[in-house]
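Undergrad: Sending over a structure as structure tokens; questions will come in a sec.
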Amino acid sequence: MSSEISSAIEFRNVTMAYEDRVILDDVSFAVNPGETKIVMGGSGTGKSTILKLALGLIRPSSGRIIIDGEDVTDHSEAELIEARQKIGMVFQEGALFDSLTVYENVGYRLFEKGLPESEIEAMVQRLLRFVNLEPAMYMMPSELSGGMRRRVGIARALAGNPKIVLFDEPTAGLDPITARAILELAIKLRDLEGVSSIFVTHRIGDVKLLSSNFATISESGDIEIRQENGNFCLVNTQFLMLRDGKIIFSGADEELWQSTDPYLQEFFRE
């Protein structure tokens with residue numbers, strides 16, 4: 001089977017440079033269906049650039065980018081708009097439209113598609129239920145806390161059932177309890193919905209929780225978040241560490257914690 005079919009996202013020898021400044025230097029990786037790729041690194045290492053490239057907001061200086069088996073590197077803007085329908089984007093601050101209600105924000109992409117109002121309402125209700133915010137359906141963004149805005153942002157990213165979701169530091173600036181709620185939503189998407197994702201973060205707590213917890217359905221039908229406690233490896237969670245535009249680590253969490261690389265050890269020292 002070819003890699004175009006098996007990968008949700010693939011970067012092949014991607015370099016991104018602005019004049020003489022190299023942001024990404026010959027970067028190659030793949031995100032498998034249902035897999036979360038956690039991308040880490042200090043500021044300015046190219047984490048957000050990876051998300052912009054995957055969305056087609058910028059084009060690589062060289063290399064190829066494949067989304068759901070489709071090489072989008074040379075796509076026109078019209079073709080990119082079509083390809084982006086497969087992708088949901090969760091921004092750092094939620095990035096909601098302040099003049100629209102929660103309902104209108106979440107359903108924005110669906111309204112653009114011209115779907116019947118009854119269908120949109122049912123889908124928005126389901127998405128808000130998923131992020132535990134159904135009572136906030138007709139509230140304005142100004143009435144929401146920071147954590148609620150992030151959860152609305154996740155619901156909006158899921159409108160249209162995208163196969164891929166990109167997270168740009170969604171827990172930044174949040175208190176630990178609210179951050180955990182956001183991370184548990186990402187875990188539910190990974191384990192229960194089979195969504196493929198790139199999760200950009202610099203927070204060690206995010207990394208540890210995403211790599212040690214999984215979502216399951218209990219016998220009573222409730223969703224439970226459980227800790228794997230070292231009993232098995234979460235094969236659907238992999239890591240990339242960037243430094244100076246290059247990948248210096250790619251692999252599972254066991255390898256990550258056991259690495260003797262001085263940069264990695266310093267990064268994870270709390």
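Labels used: A, B, ... for chains in the order of the structure tokens, numbers from 1 for residues in each chain, and numbers from 1 for ligands as shown.
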Please give the complete set of residues from range 15-245 of chain A that DSSP, run on the backbone, assigns to helix (DSSP H, G or I), formatted as a ChimeraX atom specification.

TA: /A:47-55,77-86,102-106,108-113,117-130,134-136,141-143,146-158,176-192,204-212

Undergrad: For range 144-157 of chain A, work out the shell of residues within 9 Å, counting only C-alpha atoms and skipping chain neighbours fewer than 5 positions away, then give it as a ChimeraX atom specification.

TA: /A:87-96,102,105-109,124,127-128,130-133,136,139,162,165-167,170-171,173-175,178-179,181-182,185-186

Undergrad: Which is closer to Val31 in chain A than all the others in A:Ser7, A:Thr237, A:Gln227, A:Ser220, using only C-alpha atoms?

TA: A:Ser7

Undergrad: Find the distance between CA of Glu35 in chain A and CA of Phe239 in chain A and write it in Å to one decimal.

TA: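 Atom-to-atom, CA of Glu35 in chain A and CA of Phe239 in chain A are spaced 10.6 Å apart.
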
Undergrad: Quick one: residues within 12 Å of Ala122 in chain A, only C-alpha atoms, excluding same-chain residues fewer than 3 positions away - as a list in words?

TA: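 Residues meeting the cut-off are Tyr103, Val106, Gly107, Leu110, Leu115, Pro116, Glu117, Ser118, Glu119, Gln125, Arg126, Leu127, Leu128, Arg129, Glu134, Met137 and Ala159 of chain A.
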
Undergrad: Within 10 Å of Asn13 in chain A, counting only C-alpha atoms, which residues show up once you throw out same-chain ones fewer than 6 positions away? Write them as a ChimeraX atom specification, please.

TA: /A:24-29,60,62-65

Undergrad: So that I can see what lies close to range 264-270 of chain A, please list as a PyMOL selection string the residues with an atom at most 9 Å from it, counting only C-alpha atoms and leaving out residues fewer than 5 positions away in the same chain.

TA: chain A and resi 41-42+204+241+248-249+256-257+259

Undergrad: Could the residues in this selection be written to a file with C-alpha atoms, as a tab-separated table (two decimals), in the first residue's frame?

TA:
```
chain	number	residue	atom	x	y	z
A	41	GLY	CA	10.21	22.51	20.68
A	42	GLY	CA	11.14	25.94	21.93
A	204	ILE	CA	5.27	19.22	29.54
A	241	MET	CA	10.90	17.32	18.77
A	248	ILE	CA	15.94	15.75	16.54
A	249	PHE	CA	13.52	13.11	17.90
A	256	LEU	CA	11.33	10.02	24.63
A	257	TRP	CA	11.68	9.68	28.40
A	259	SER	CA	16.59	9.66	25.63
```

Undergrad: Report as a ChimeraX atom specification all protein, DNA and RNA residues lying within 12 Å of Ile81 in chain A, evaluated on only C-alpha atoms, omitting residues in the same chain fewer than 3 positions from it.

TA: /A:55-57,72,75-78,84-87,109

Undergrad: So the first atom is CA of Ser197 in chain A and the second is CA of Gly34 in chain A; what is the distance between them in Å, to one decimal place?

TA: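 Rounded to one decimal, the two atoms are 7.6 Å apart.
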
Undergrad: Figure out the distance between CA of Gly251 in chain A and CA of Asp206 in chain A, please, to one decimal in Å.

TA: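 Between CA of Asp206 in chain A and CA of Gly251 in chain A the gap is 16.6 Å.
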
Undergrad: Point out the residue among A:Glu169, A:Glu224, A:Glu219, A:Asp261 with the least atom-to-atom distance to Lys188 in chain A, counting only C-alpha atoms.

TA: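 Distance minimum relative to Lys188 in chain A lands on A:Glu224.
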
Undergrad: Check range 86-209 of chain A with DSSP on the backbone and list each residue it calls strand (DSSP E), as a ChimeraX atom specification.

TA: /A:87-90,164-168,196-200

Undergrad: Write a file of the just-selected residues containing N, CA and C atoms, as an mmCIF file, in the first residue's frame.

TA:
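again.cif, freshly written:
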```cif
data_model
loop_
_atom_site.group_PDB
_atom_site.id
_atom_site.type_symbol
_atom_site.label_atom_id
_atom_site.label_comp_id
_atom_site.auth_asym_id
_atom_site.auth_seq_id
_atom_site.Cartn_x
_atom_site.Cartn_y
_atom_site.Cartn_z
ATOM 1 N N ILE A 87 -10.018 19.250 7.112
ATOM 2 C CA ILE A 87 -9.201 19.639 8.260
ATOM 3 C C ILE A 87 -9.957 20.582 9.187
ATOM 4 N N GLY A 88 -9.872 20.334 10.482
ATOM 5 C CA GLY A 88 -10.367 21.258 11.490
ATOM 6 C C GLY A 88 -9.178 21.898 12.189
ATOM 7 N N MET A 89 -9.295 23.179 12.529
ATOM 8 C CA MET A 89 -8.186 23.913 13.143
ATOM 9 C C MET A 89 -8.624 24.485 14.486
ATOM 10 N N VAL A 90 -7.866 24.145 15.544
ATOM 11 C CA VAL A 90 -8.126 24.687 16.875
ATOM 12 C C VAL A 90 -7.022 25.691 17.187
ATOM 13 N N ILE A 164 -9.097 15.214 9.972
ATOM 14 C CA ILE A 164 -7.843 15.712 10.552
ATOM 15 C C ILE A 164 -8.144 16.957 11.381
ATOM 16 N N VAL A 165 -7.537 17.046 12.575
ATOM 17 C CA VAL A 165 -7.664 18.255 13.390
ATOM 18 C C VAL A 165 -6.261 18.715 13.797
ATOM 19 N N LEU A 166 -6.017 20.012 13.623
ATOM 20 C CA LEU A 166 -4.729 20.614 13.989
ATOM 21 C C LEU A 166 -4.929 21.463 15.233
ATOM 22 N N PHE A 167 -4.111 21.230 16.259
ATOM 23 C CA PHE A 167 -4.187 21.968 17.512
ATOM 24 C C PHE A 167 -2.962 22.867 17.661
ATOM 25 N N ASP A 168 -3.189 24.171 17.794
ATOM 26 C CA ASP A 168 -2.086 25.116 17.976
ATOM 27 C C ASP A 168 -2.048 25.583 19.434
ATOM 28 N N SER A 196 -7.309 11.980 13.159
ATOM 29 C CA SER A 196 -5.859 12.167 13.075
ATOM 30 C C SER A 196 -5.552 13.606 13.452
ATOM 31 N N SER A 197 -4.444 13.830 14.170
ATOM 32 C CA SER A 197 -4.166 15.213 14.567
ATOM 33 C C SER A 197 -2.682 15.494 14.733
ATOM 34 N N ILE A 198 -2.366 16.771 14.572
ATOM 35 C CA ILE A 198 -1.066 17.305 14.987
ATOM 36 C C ILE A 198 -1.363 18.216 16.167
ATOM 37 N N PHE A 199 -0.692 17.967 17.287
ATOM 38 C CA PHE A 199 -0.927 18.725 18.516
ATOM 39 C C PHE A 199 0.361 19.451 18.874
ATOM 40 N N VAL A 200 0.377 20.760 18.625
ATOM 41 C CA VAL A 200 1.559 21.567 18.918
ATOM 42 C C VAL A 200 1.480 22.069 20.360
#
```
